[in-house]
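Right, one structure below, let's go through it.
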Amino acid sequence: MTELLLLIAGLLGGAVNSLAGGGSFIVFPALLAVGVTPVIANASNTYAALPGYVSGAAGYWSGIVAHKHRLVVYSIVALIFGYVGAELLLVVSNAQFSLVVPWLMLFAVVLFIFGNRINAYAARRGGGRRGMKLLGTLLLMVFLALVCVYGGFFNAGLGFLTLAFLATAGISDIHAMNGLKMWIAAVVAVVAVGRFALSGSIDWYHGSIAMVGVTVGAYVAARNAHRFPRQAIRAGVIVYGIGMTAWFFWKAYFV
């Protein structure tokens with residue numbers, strides 16, 4: 001029964017990631033529901049999401065190549081600060097993390113709801129600034145560093161934050177943005193999963209079942225995306241995300 005729950009959660013999470021985003025709202029709570037402790041569930045959720053990031057980056061490779069001059073810097077920042085985020089996760093206890101999770105979920109849900117508006121605003125503020133001065137470049141790298149720390153610590157919402165960064169950096173091609181988003185997320189996830197593995201913080205058994213579901217669900221949904229009403233799915237994810245956030249707050253602060 002536990003395996004079936006995780007497989008179904010993975011399938012749904014992977015499909016939702018392909019169609020609307022927000023799959024971590026399903027997979028992370030499912031890992032908690034089968035008895036995985038909060039910190040390990042979070043690390044295992046990052047592990048389960050990793051193949052999707054890698055395959056996504058491969059699928060958008062032509063868009064990534066158009067900005068290959070950015071890859072080295074972005075990758076270095078993602079490696080360093082993704083590791084910092086993973087290290088931060090490992091120094092908090094399960095009890096402490098349980099108190100933080102509701103706020104992280106709330107932040108991720110807000111990003112999911114308003115992500116498009118945030119990205120549009122960032123694009124208006126950052127688009128076309130090709131000759132940015134040193135201070136502007138440094139501020140952009142600080143922005144990226146904070147995004148990667150967040151991603152190493154808590155996976156949900158990473159995609160929306162990364163898109164906001166890329167829009168601020170002046171990138172407007174959606175294919176390039178999605179490709180670079182997947183690339184940065186993959187680098188963050190690789191270094192985070194590596195650190196979690198070294199510390200024994202991944203539930204390989206339960207995480208692998210979820211990962212199989214996520215990978216299959218993402219592929220099947222991507223192949224049949226035209227059959228699904230994206231706005232309805234997005235609305236469903238928002239309602240579900242709000243409900244799960246309320247549940248996490250209730251469990252952390254009122255039980």
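Ordering of the structure tokens sets the chain letters (A, B, ...); residue numbers start at 1 within each chain; ligands are numbered from 1 in the order shown.
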
With a distance cut-off of 9 Å and only C-alpha atoms, select the neighbouring residues of segment 100-102 of chain A, excluding the residue or stretch itself and same-chain residues fewer than 5 positions from it, and output the selection as a ChimeraX atom specification. /A:38,95,107,154,244-250,252

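Excluding Ala57 of chain A and any residue on its chain fewer than 2 positions from it, the residues at most 6 Å away by only C-alpha atoms are A:Val54, A:Ser55, A:Gly59, A:Tyr60, A:Trp61, A:Gly179, A:Met182, A:Trp183.
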
Could you please take those selected residues and save C-alpha atoms as a PDB file, in the first residue's frame?
ATOM      1  CA  VAL A  54      18.102  16.498 -16.362  1.00  0.00           C
ATOM      2  CA  SER A  55      15.728  15.296 -19.082  1.00  0.00           C
ATOM      3  CA  GLY A  59      14.962  18.612 -24.164  1.00  0.00           C
ATOM      4  CA  TYR A  60      15.625  22.361 -24.180  1.00  0.00           C
ATOM      5  CA  TRP A  61      19.278  22.032 -25.163  1.00  0.00           C
ATOM      6  CA  GLY A 179      16.125  25.352 -20.645  1.00  0.00           C
ATOM      7  CA  MET A 182      16.087  23.187 -15.930  1.00  0.00           C
ATOM      8  CA  TRP A 183      19.879  23.409 -16.175  1.00  0.00           C
TER       9      TRP A 183
END

Just the residues within 10 Å of Ser199 of chain A, please, counting only C-alpha atoms, with nothing from its chain fewer than 4 positions along; format it as a list of chain:residue names. A:Glu87, A:Leu90, A:Val193, A:Gly194, A:Arg195

Which of these residues is nearest to Val27 of chain A, using only C-alpha atoms: A:Ala145, A:Val214, A:Ala192, A:Ala232? A:Val214

In segment 60-211 of chain A, DSSP helix (DSSP H, G or I) residues written as a PyMOL selection string: chain A and resi 61-65+68-90+94-126+134-153+158-168+174-198+204-211

Residue nearest Gly151 of chain A among A:Leu138, A:Leu7, A:Met211, A:Ala49 (counting only C-alpha atoms):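 Under the stated criterion, the closest residue is A:Ala49.
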